[in-house]
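Trainee: Got data.json for you, JSON, C-alpha atoms:
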```json
[["chain", "number", "residue", "atom", "x", "y", "z"],
["R", 211, "MET", "CA", 0.00, 0.00, 0.00],
["R", 212, "GLU", "CA", 2.84, 2.37, 0.77],
["R", 213, "ARG", "CA", 4.46, 1.76, -2.63],
["R", 214, "VAL", "CA", 1.16, 2.52, -4.38],
["R", 215, "GLU", "CA", 0.73, 5.76, -2.45],
["R", 216, "ARG", "CA", 4.32, 6.84, -3.19],
["R", 217, "THR", "CA", 3.94, 6.28, -6.94],
["R", 218, "ALA", "CA", 0.66, 8.15, -6.95],
["R", 219, "THR", "CA", 2.15, 11.13, -5.15],
["R", 220, "THR", "CA", 5.22, 11.24, -7.37],
["R", 221, "THR", "CA", 3.35, 11.04, -10.66],
["R", 222, "ALA", "CA", 0.64, 13.52, -9.74],
["R", 223, "PRO", "CA", 2.80, 16.71, -10.01],
["R", 224, "ALA", "CA", 4.12, 15.64, -13.44],
["R", 225, "ALA", "CA", 0.58, 15.20, -14.69],
["R", 226, "THR", "CA", -0.44, 18.65, -13.43],
["R", 227, "THR", "CA", 2.50, 20.51, -14.97],
["R", 228, "ARG", "CA", 1.82, 19.48, -18.58],
["R", 229, "PRO", "CA", -1.52, 21.29, -18.95],
["R", 230, "VAL", "CA", 0.07, 24.46, -17.52],
["R", 231, "GLU", "CA", 2.88, 24.37, -20.07],
["R", 232, "TYR", "CA", 0.36, 23.67, -22.83],
["R", 233, "GLU", "CA", -1.80, 26.58, -21.77],
["R", 234, "ASP", "CA", 1.22, 28.89, -21.82],
["R", 235, "GLU", "CA", 2.05, 27.84, -25.36],
["R", 236, "VAL", "CA", -1.52, 28.44, -26.49],
["R", 237, "ASP", "CA", -1.60, 31.88, -24.90],
["R", 238, "LEU", "CA", 1.50, 32.89, -26.88],
["R", 239, "ILE", "CA", -0.23, 32.32, -30.25],
["R", 240, "PRO", "CA", -1.33, 35.76, -31.61],
["R", 241, "VAL", "CA", -4.93, 36.11, -32.71],
["R", 242, "ARG", "CA", -5.24, 37.99, -36.01],
["R", 243, "THR", "CA", -8.26, 39.11, -37.99],
["R", 244, "TYR", "CA", -8.76, 38.26, -41.64],
["R", 245, "TRP", "CA", -7.61, 41.67, -42.88],
["R", 246, "GLN", "CA", -4.52, 41.55, -40.67],
["R", 247, "LEU", "CA", -3.62, 38.24, -42.29],
["R", 248, "VAL", "CA", -4.26, 39.79, -45.71],
["R", 249, "ARG", "CA", -1.88, 42.63, -44.92],
["R", 250, "ILE", "CA", 0.83, 40.26, -43.69],
["R", 251, "ARG", "CA", 0.52, 37.98, -46.73],
["R", 252, "PHE", "CA", 0.63, 40.97, -49.09],
["R", 253, "LEU", "CA", 3.74, 42.42, -47.43],
["R", 254, "GLN", "CA", 5.47, 39.07, -47.83],
["R", 255, "HIS", "CA", 4.95, 39.34, -51.61],
["R", 256, "ARG", "CA", 8.01, 41.45, -52.42],
["R", 257, "LEU", "CA", 7.17, 42.08, -56.06],
["R", 258, "ALA", "CA", 3.68, 43.29, -55.13],
["R", 259, "VAL", "CA", 5.10, 45.69, -52.53],
["R", 260, "MET", "CA", 7.60, 47.05, -55.06],
["R", 261, "ALA", "CA", 4.77, 47.40, -57.57],
["R", 262, "VAL", "CA", 2.71, 49.44, -55.09],
["R", 263, "VAL", "CA", 5.65, 51.77, -54.49],
["R", 264, "LEU", "CA", 6.25, 52.15, -58.23],
["R", 265, "MET", "CA", 2.57, 52.78, -58.94],
["R", 266, "ALA", "CA", 2.47, 55.39, -56.16],
["R", 267, "ILE", "CA", 5.46, 57.16, -57.71],
["R", 268, "LEU", "CA", 3.86, 57.13, -61.16],
["R", 269, "VAL", "CA", 0.57, 58.47, -59.81],
["R", 270, "ALA", "CA", 2.38, 61.20, -57.86],
["R", 271, "LEU", "CA", 4.35, 62.28, -60.94],
["R", 272, "ALA", "CA", 1.20, 62.24, -63.06],
["R", 273, "ILE", "CA", -0.54, 64.56, -60.61],
["R", 274, "ILE", "CA", 2.23, 66.91, -59.51],
["R", 275, "VAL", "CA", 4.18, 67.64, -62.72],
["R", 276, "PRO", "CA", 1.22, 68.51, -65.03],
["R", 277, "THR", "CA", -0.35, 70.58, -62.26],
["R", 278, "LEU", "CA", 2.79, 72.67, -61.80],
["R", 279, "SER", "CA", 3.64, 72.99, -65.52],
["R", 280, "GLY", "CA", 0.13, 73.71, -66.80],
["R", 281, "ASN", "CA", -0.02, 73.82, -70.63],
["R", 282, "ALA", "CA", 3.76, 73.93, -71.07],
["R", 283, "TYR", "CA", 3.67, 70.46, -72.65],
["R", 284, "THR", "CA", 1.92, 71.93, -75.73],
["R", 285, "LYS", "CA", 4.46, 74.69, -76.39],
["R", 286, "THR", "CA", 6.65, 74.26, -79.45],
["R", 287, "SER", "CA", 9.95, 75.79, -80.56],
["R", 288, "LEU", "CA", 11.31, 75.14, -84.05],
["R", 289, "THR", "CA", 14.78, 76.19, -82.91],
["R", 290, "LYS", "CA", 14.90, 73.32, -80.40],
["R", 291, "VAL", "CA", 13.94, 70.32, -82.50],
["R", 292, "ASN", "CA", 15.07, 66.79, -81.52],
["R", 293, "LEU", "CA", 17.52, 67.98, -78.89],
["R", 294, "PRO", "CA", 19.18, 65.24, -76.81],
["R", 295, "PRO", "CA", 18.55, 65.01, -73.06],
["R", 296, "SER", "CA", 20.03, 67.89, -71.03],
["R", 297, "LEU", "CA", 19.52, 69.74, -67.76],
["R", 298, "GLU", "CA", 16.96, 72.06, -69.33],
["R", 299, "TYR", "CA", 15.19, 69.20, -71.13],
["R", 300, "PRO", "CA", 15.70, 66.01, -69.05],
["R", 301, "LEU", "CA", 14.30, 63.77, -71.80],
["R", 302, "GLY", "CA", 15.14, 65.93, -74.78],
["R", 303, "THR", "CA", 12.72, 67.58, -77.24],
["R", 304, "SER", "CA", 10.36, 66.23, -79.90],
["R", 305, "ASP", "CA", 10.31, 66.79, -83.66],
["R", 306, "ILE", "CA", 8.49, 70.13, -83.17],
["R", 307, "GLY", "CA", 10.48, 71.28, -80.16],
["R", 308, "GLN", "CA", 8.16, 70.14, -77.36],
["R", 309, "ASN", "CA", 9.54, 69.21, -73.94],
["R", 310, "VAL", "CA", 9.38, 65.40, -73.94],
["R", 311, "PHE", "CA", 9.45, 65.12, -70.13],
["R", 312, "LEU", "CA", 6.45, 67.42, -69.63],
["R", 313, "ARG", "CA", 4.60, 65.74, -72.46],
["R", 314, "LEU", "CA", 5.37, 62.29, -71.04],
["R", 315, "MET", "CA", 4.02, 63.29, -67.63],
["R", 316, "LYS", "CA", 0.81, 64.59, -69.21],
["R", 317, "ALA", "CA", 0.51, 61.38, -71.24],
["R", 318, "LEU", "CA", 1.02, 59.39, -68.04],
["R", 319, "GLN", "CA", -1.75, 61.37, -66.37],
["R", 320, "THR", "CA", -4.11, 60.78, -69.29],
["R", 321, "SER", "CA", -3.42, 57.03, -69.45],
["R", 322, "LEU", "CA", -3.77, 56.50, -65.69],
["R", 323, "PHE", "CA", -6.97, 58.57, -65.59],
["R", 324, "ILE", "CA", -8.48, 56.50, -68.40],
["R", 325, "GLY", "CA", -7.30, 53.26, -66.76],
["R", 326, "PHE", "CA", -8.71, 53.96, -63.29],
["R", 327, "THR", "CA", -11.96, 55.51, -64.56],
["R", 328, "SER", "CA", -12.61, 52.66, -66.98],
["R", 329, "VAL", "CA", -12.08, 50.13, -64.18],
["R", 330, "ALA", "CA", -14.59, 52.03, -62.04],
["R", 331, "ILE", "CA", -17.22, 51.66, -64.79],
["R", 332, "ILE", "CA", -16.29, 48.01, -65.28],
["R", 333, "ALA", "CA", -16.65, 47.32, -61.55],
["R", 334, "LEU", "CA", -19.95, 49.19, -61.27],
["R", 335, "VAL", "CA", -21.63, 47.48, -64.22],
["R", 336, "GLY", "CA", -20.07, 44.05, -63.69],
["R", 337, "VAL", "CA", -20.74, 43.86, -59.95],
["R", 338, "SER", "CA", -24.33, 45.09, -60.31],
["R", 339, "LEU", "CA", -25.33, 42.65, -63.06],
["R", 340, "GLY", "CA", -23.36, 39.76, -61.56],
["R", 341, "ALA", "CA", -24.96, 40.28, -58.15],
["R", 342, "VAL", "CA", -28.46, 40.38, -59.63],
["R", 343, "ALA", "CA", -27.85, 37.23, -61.69],
["R", 344, "GLY", "CA", -26.27, 35.29, -58.85],
["R", 345, "PHE", "CA", -28.71, 36.38, -56.15],
["R", 346, "PHE", "CA", -31.99, 35.72, -57.97],
["R", 347, "GLY", "CA", -30.86, 32.93, -60.31],
["R", 348, "GLY", "CA", -33.40, 31.22, -62.55],
["R", 349, "GLY", "CA", -34.71, 33.26, -65.47],
["R", 350, "THR", "CA", -32.89, 36.42, -64.39],
["R", 351, "ASP", "CA", -29.61, 34.55, -64.36],
["R", 352, "ASN", "CA", -30.27, 33.09, -67.82],
["R", 353, "VAL", "CA", -31.09, 36.48, -69.34],
["R", 354, "VAL", "CA", -28.01, 38.20, -67.89],
["R", 355, "MET", "CA", -25.61, 35.40, -68.77],
["R", 356, "ARG", "CA", -26.91, 35.08, -72.33],
["R", 357, "PHE", "CA", -26.28, 38.80, -72.75],
["R", 358, "VAL", "CA", -22.77, 38.26, -71.35],
["R", 359, "ASP", "CA", -22.22, 35.46, -73.86],
["R", 360, "ILE", "CA", -23.24, 37.77, -76.71],
["R", 361, "ILE", "CA", -20.74, 40.44, -75.57],
["R", 362, "LEU", "CA", -17.98, 37.85, -75.18],
["R", 363, "SER", "CA", -18.60, 36.50, -78.68],
["R", 364, "LEU", "CA", -17.80, 39.91, -80.21],
["R", 365, "PRO", "CA", -14.22, 41.09, -80.85],
["R", 366, "THR", "CA", -13.81, 43.53, -77.99],
["R", 367, "PHE", "CA", -11.13, 45.78, -79.47],
["R", 368, "PHE", "CA", -12.96, 46.26, -82.77],
["R", 369, "LEU", "CA", -16.17, 46.89, -80.85],
["R", 370, "ILE", "CA", -14.41, 49.69, -78.96],
["R", 371, "ILE", "CA", -13.21, 51.19, -82.25],
["R", 372, "MET", "CA", -16.77, 51.05, -83.63],
["R", 373, "ILE", "CA", -18.17, 52.78, -80.55],
["R", 374, "VAL", "CA", -15.55, 55.55, -80.65],
["R", 375, "ALA", "CA", -16.02, 56.09, -84.40],
["R", 376, "PHE", "CA", -19.83, 55.91, -84.28],
["R", 377, "PHE", "CA", -20.18, 58.51, -81.55],
["R", 378, "GLY", "CA", -17.63, 60.78, -83.21],
["R", 379, "GLY", "CA", -15.49, 60.79, -80.12],
["R", 380, "VAL", "CA", -12.08, 60.32, -81.72],
["R", 381, "GLY", "CA", -9.69, 62.29, -79.53],
["R", 382, "ASN", "CA", -12.21, 62.53, -76.68],
["R", 383, "ALA", "CA", -11.09, 60.85, -73.45],
["R", 384, "THR", "CA", -14.66, 60.50, -72.18],
["R", 385, "THR", "CA", -15.72, 58.47, -75.22],
["R", 386, "VAL", "CA", -12.69, 56.21, -74.86],
["R", 387, "ILE", "CA", -13.44, 55.64, -71.17],
["R", 388, "VAL", "CA", -17.09, 54.77, -71.83],
["R", 389, "ALA", "CA", -16.17, 52.48, -74.74],
["R", 390, "ILE", "CA", -13.66, 50.53, -72.64],
["R", 391, "GLY", "CA", -15.98, 50.42, -69.64],
["R", 392, "ILE", "CA", -19.10, 49.12, -71.36],
["R", 393, "THR", "CA", -17.19, 46.37, -73.19],
["R", 394, "GLY", "CA", -14.95, 45.11, -70.37],
["R", 395, "TRP", "CA", -17.42, 44.38, -67.57],
["R", 396, "THR", "CA", -18.14, 40.76, -68.54],
["R", 397, "VAL", "CA", -15.28, 39.19, -66.55],
["R", 398, "ALA", "CA", -16.26, 41.01, -63.35],
["R", 399, "CYS", "CA", -19.90, 40.02, -63.91],
["R", 400, "ARG", "CA", -19.09, 36.32, -64.20],
["R", 401, "LEU", "CA", -16.84, 36.39, -61.13],
["R", 402, "VAL", "CA", -19.47, 38.10, -58.95],
["R", 403, "ARG", "CA", -22.22, 35.80, -60.24],
["R", 404, "ALA", "CA", -20.19, 32.72, -59.31],
["R", 405, "GLU", "CA", -19.52, 34.05, -55.82],
["R", 406, "PHE", "CA", -23.19, 34.94, -55.22],
["R", 407, "LEU", "CA", -24.34, 31.53, -56.41],
["R", 408, "ARG", "CA", -21.96, 29.96, -53.92],
["R", 409, "LEU", "CA", -22.93, 32.25, -51.03],
["R", 410, "ARG", "CA", -26.70, 32.43, -51.34],
["R", 411, "ASP", "CA", -27.08, 29.01, -49.67],
["R", 412, "ALA", "CA", -24.56, 29.75, -46.92],
["R", 413, "ASP", "CA", -25.71, 29.34, -43.31],
["R", 414, "TYR", "CA", -25.26, 32.99, -42.33],
["R", 415, "VAL", "CA", -27.25, 34.12, -45.38],
["R", 416, "GLN", "CA", -30.08, 31.75, -44.51],
["R", 417, "ALA", "CA", -29.96, 32.99, -40.91],
["R", 418, "ALA", "CA", -30.22, 36.62, -42.06],
["R", 419, "ARG", "CA", -33.16, 35.73, -44.28],
["R", 420, "ALA", "CA", -34.86, 33.89, -41.39],
["R", 421, "LEU", "CA", -34.46, 36.97, -39.20],
["R", 422, "GLY", "CA", -36.40, 39.02, -41.73],
["R", 423, "ALA", "CA", -33.59, 40.82, -43.61],
["R", 424, "GLY", "CA", -34.55, 42.08, -47.05],
["R", 425, "ASN", "CA", -32.93, 41.07, -50.30],
["R", 426, "GLN", "CA", -31.03, 44.33, -50.65],
["R", 427, "ARG", "CA", -29.59, 44.11, -47.14],
["R", 428, "ILE", "CA", -28.59, 40.46, -47.57],
["R", 429, "ALA", "CA", -26.89, 41.14, -50.91],
["R", 430, "VAL", "CA", -25.07, 44.33, -49.87],
["R", 431, "ARG", "CA", -24.26, 43.71, -46.20],
["R", 432, "HIS", "CA", -23.70, 39.95, -46.13],
["R", 433, "MET", "CA", -22.86, 38.60, -49.58],
["R", 434, "LEU", "CA", -21.00, 41.41, -51.33],
["R", 435, "PRO", "CA", -18.16, 41.72, -48.74],
["R", 436, "ALA", "CA", -17.48, 37.98, -49.05],
["R", 437, "ALA", "CA", -17.34, 38.33, -52.86],
["R", 438, "LEU", "CA", -14.84, 41.24, -52.81],
["R", 439, "PRO", "CA", -11.54, 39.30, -53.24],
["R", 440, "PRO", "CA", -12.05, 38.29, -56.89],
["R", 441, "ILE", "CA", -13.48, 41.73, -57.66],
["R", 442, "VAL", "CA", -10.42, 43.51, -56.26],
["R", 443, "VAL", "CA", -8.05, 41.27, -58.23],
["R", 444, "ALA", "CA", -10.04, 41.76, -61.44],
["R", 445, "CYS", "CA", -9.99, 45.54, -60.99],
["R", 446, "ALA", "CA", -6.22, 45.60, -60.45],
["R", 447, "LEU", "CA", -5.64, 43.57, -63.59],
["R", 448, "GLY", "CA", -8.23, 45.65, -65.45],
["R", 449, "ILE", "CA", -6.13, 48.79, -65.00],
["R", 450, "ALA", "CA", -3.35, 47.26, -67.07],
["R", 451, "ASP", "CA", -5.79, 46.12, -69.77],
["R", 452, "SER", "CA", -7.44, 49.56, -69.97],
["R", 453, "VAL", "CA", -4.13, 51.41, -70.26],
["R", 454, "VAL", "CA", -2.92, 49.07, -73.01],
["R", 455, "THR", "CA", -6.25, 49.41, -74.86],
["R", 456, "GLU", "CA", -6.07, 53.20, -74.71],
["R", 457, "ALA", "CA", -2.47, 53.17, -75.97],
["R", 458, "ALA", "CA", -3.45, 50.89, -78.86],
["R", 459, "LEU", "CA", -6.39, 53.11, -79.79],
["R", 460, "SER", "CA", -4.21, 56.22, -79.76],
["R", 461, "TYR", "CA", -1.52, 54.43, -81.72],
["R", 462, "LEU", "CA", -4.04, 53.56, -84.44],
["R", 463, "GLY", "CA", -5.49, 57.08, -84.48],
["R", 464, "PHE", "CA", -8.79, 56.31, -82.73],
["R", 465, "GLY", "CA", -7.81, 57.49, -79.26],
["R", 466, "ILE", "CA", -6.39, 60.70, -77.85],
["R", 467, "GLN", "CA", -5.22, 63.05, -80.59],
["R", 468, "PRO", "CA", -2.56, 65.82, -80.49],
["R", 469, "PRO", "CA", -2.13, 68.42, -79.08],
["R", 470, "ALA", "CA", -3.40, 66.30, -76.16],
["R", 471, "ALA", "CA", -0.82, 63.79, -74.96],
["R", 472, "SER", "CA", -1.12, 60.06, -74.42],
["R", 473, "LEU", "CA", 1.38, 57.23, -74.46],
["R", 474, "GLY", "CA", -0.08, 55.86, -77.68],
["R", 475, "ASN", "CA", 0.11, 59.03, -79.76],
["R", 476, "MET", "CA", 3.60, 59.79, -78.43],
["R", 477, "MET", "CA", 4.80, 56.46, -79.82],
["R", 478, "THR", "CA", 2.96, 57.08, -83.09],
["R", 479, "ASN", "CA", 4.56, 60.50, -83.56],
["R", 480, "ALA", "CA", 8.02, 59.07, -82.81],
["R", 481, "LEU", "CA", 7.93, 56.38, -85.51],
["R", 482, "ASP", "CA", 9.24, 58.71, -88.23],
["R", 483, "TYR", "CA", 12.24, 59.61, -86.08],
["R", 484, "PHE", "CA", 13.00, 56.14, -84.75],
["R", 485, "PHE", "CA", 16.56, 55.99, -86.13],
["R", 486, "ARG", "CA", 17.46, 59.65, -85.60],
["R", 487, "ALA", "CA", 15.91, 60.04, -82.13],
["R", 488, "PRO", "CA", 15.05, 56.60, -80.72],
["R", 489, "TYR", "CA", 14.48, 58.00, -77.23],
["R", 490, "LEU", "CA", 11.22, 59.56, -78.44],
["R", 491, "ILE", "CA", 9.61, 56.12, -78.63],
["R", 492, "LEU", "CA", 11.67, 54.59, -75.83],
["R", 493, "TYR", "CA", 10.31, 56.76, -73.01],
["R", 494, "PRO", "CA", 6.56, 56.21, -73.57],
["R", 495, "GLY", "CA", 7.18, 52.52, -74.25],
["R", 496, "ILE", "CA", 9.05, 52.03, -70.96],
["R", 497, "THR", "CA", 6.38, 54.01, -69.08],
["R", 498, "LEU", "CA", 3.64, 51.80, -70.53],
["R", 499, "ILE", "CA", 5.57, 48.67, -69.53],
["R", 500, "LEU", "CA", 6.02, 49.97, -65.97],
["R", 501, "ILE", "CA", 2.29, 50.66, -65.61],
["R", 502, "VAL", "CA", 1.33, 47.21, -66.89],
["R", 503, "LEU", "CA", 3.89, 45.40, -64.73],
["R", 504, "SER", "CA", 2.90, 47.35, -61.62],
["R", 505, "ALA", "CA", -0.81, 46.64, -62.05],
["R", 506, "SER", "CA", -0.13, 42.97, -62.84],
["R", 507, "PHE", "CA", 2.08, 42.39, -59.79],
["R", 508, "ILE", "CA", -0.38, 44.23, -57.54],
["R", 509, "GLY", "CA", -3.16, 41.98, -58.80],
["R", 510, "ASP", "CA", -0.99, 38.91, -58.27],
["R", 511, "GLY", "CA", -0.16, 39.99, -54.72],
["R", 512, "LEU", "CA", -3.80, 40.72, -53.89],
["R", 513, "ARG", "CA", -4.84, 37.33, -55.24],
["R", 514, "ASP", "CA", -2.40, 35.55, -52.92],
["R", 515, "ALA", "CA", -3.15, 37.81, -49.95],
["R", 516, "LEU", "CA", -6.92, 37.46, -50.18],
["R", 517, "ASP", "CA", -6.75, 33.66, -50.46],
["R", 518, "PRO", "CA", -7.33, 32.23, -46.95],
["R", 519, "ARG", "CA", -5.63, 28.99, -48.00],
["R", 520, "GLN", "CA", -2.28, 30.76, -48.34],
["R", 521, "ARG", "CA", -0.02, 30.22, -45.32],
["R", 522, "ILE", "CA", 2.06, 32.93, -43.70],
["R", 523, "GLU", "CA", 5.79, 32.38, -43.91],
["R", 524, "SER", "CA", 7.42, 32.26, -40.51],
["R", 525, "LYS", "CA", 10.49, 34.42, -40.04]]
```
Go ahead and express the file in the form of structure tokens.

Mentor:
Amino acid sequence: MERVERTATTTAPAATTRPVEYEDEVDLIPVRTYWQLVRIRFLQHRLAVMAVVLMAILVALAIIVPTLSGNAYTKTSLTKVNLPPSLEYPLGTSDIGQNVFLRLMKALQTSLFIGFTSVAIIALVGVSLGAVAGFFGGGTDNVVMRFVDIILSLPTFFLIIMIVAFFGGVGNATTVIVAIGITGWTVACRLVRAEFLRLRDADYVQAARALGAGNQRIAVRHMLPAALPPIVVACALGIADSVVTEAALSYLGFGIQPPAASLGNMMTNALDYFFRAPYLILYPGITLILIVLSASFIGDGLRDALDPRQRIESK
């Protein structure tokens, strides 16, 4: 009996210390919200962070330089034609004596404005129609998706050219924005529709409906926030597509026309002087590449950050 009591008394403290140590380890685990995890995952994507910094610099230059210089980008001087880069003209002059740096900054402002505004229209139209189709389903879903199929069956770029030419808006930024916006919303619509179809049978949506919440409140307050990740990624990638589309339109003569500046018409005007002054086409081309790469890497980083299945790398 004494041996049994001794073993019981000696093993009891060891059994009581393990839960204490386990509780201490559990208490040291930090509790993070979903958006805190998103921020951590995004910061671990180095290319995405560099892309955000680069995009911020481009946006700042596009706002500050044209605001300070005013209409100086349109001034010409026939005595200063095709000058090489210098302190007075950091990027040289064009074939009619225009300051290439000031004109490039104005073109950057125009392209970014068209890109961001077009994406806003794409998000508004695509999210609205996709939410309606996914939430109600049935006949409404069939009508919306058949209309989406019709738009997708058409050549988008040629449709944009037809819209710009039909409305007589060649050289008008507003017409270009509307043309890109009303033809590029189909991807966002299909993404939102898929998310709403998946979420409308979720438990918390059924609970909100059982508590008497209306359709508008359920769609806006409960389902739309859960469907935001693919929308944000699509918008980030849509900026690059819109900027490239605008540059292509201007390059072909259907977009922004001189004396207004855009990346596309700067490259078009520099073609005749490619061998004598190659920097005239080099600068807008590099700027266009930087915009596209920045938007693409930001979209890639957001896609990984918003995915809850992605694990956080331990340092």

Trainee: Residues near Thr393 (chain R), anyone? I mean within 8 Å using only C-alpha atoms, not counting same-chain ones fewer than 4 positions away, as a ChimeraX atom specification.

Mentor: /R:361,366,369-370,389

Trainee: Taking (4.5, 46.6, -58.1) in the file's coordinates, which residues come within 10 Å, counting only C-alpha atoms, written as a ChimeraX atom specification?

Mentor: /R:255-266,500-511

Trainee: Just want the 8 Å neighbourhood of region 490-496 of chain R, counted on only C-alpha atoms, with same-chain residues fewer than 6 positions away dropped. Output as JSON, numbers by chain.

Mentor: {"R": [304, 310, 314, 473, 474, 476, 477, 480, 481, 483, 484]}

Trainee: From the options R:Leu409, R:Ala420, R:Val291, R:Ala446, which residue's atoms come nearest to Met433 (chain R), counting all atoms listed in the file?

Mentor: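 That would be R:Leu409, the residue with the smallest distance to Met433 (chain R).
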
Trainee: Rounded to one decimal, what separation in Å do you get between CA of Gly348 (chain R) and CA of Pro439 (chain R)?

Mentor: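 Computed distance, CA of Gly348 (chain R) to CA of Pro439 (chain R), equals 25.1 Å.
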
Trainee: Rank nothing, just name the residue among R:Ile360, R:Ile273, R:Ala398, R:Val374 nearest to Phe323 (chain R), using all atoms listed in the file.

Mentor: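 That would be R:Ile273, the residue with the smallest distance to Phe323 (chain R).
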
Trainee: Using Å and a single decimal, report how far CA of Ile449 (chain R) sits from CA of Asn382 (chain R).

Mentor: 19.0 Å

Trainee: Residues near Val397 (chain R), anyone? I mean within 9 Å using all atoms listed in the file, not counting same-chain ones fewer than 3 positions away, as JSON, numbers by chain.

Mentor: {"R": [332, 336, 358, 394, 400, 401, 402, 444]}

Trainee: Which one of R:Ala343, R:Thr284, R:Ala317, R:Asp482 sits closest to Leu268 (chain R) if you count all atoms listed in the file?

Mentor: R:Ala317
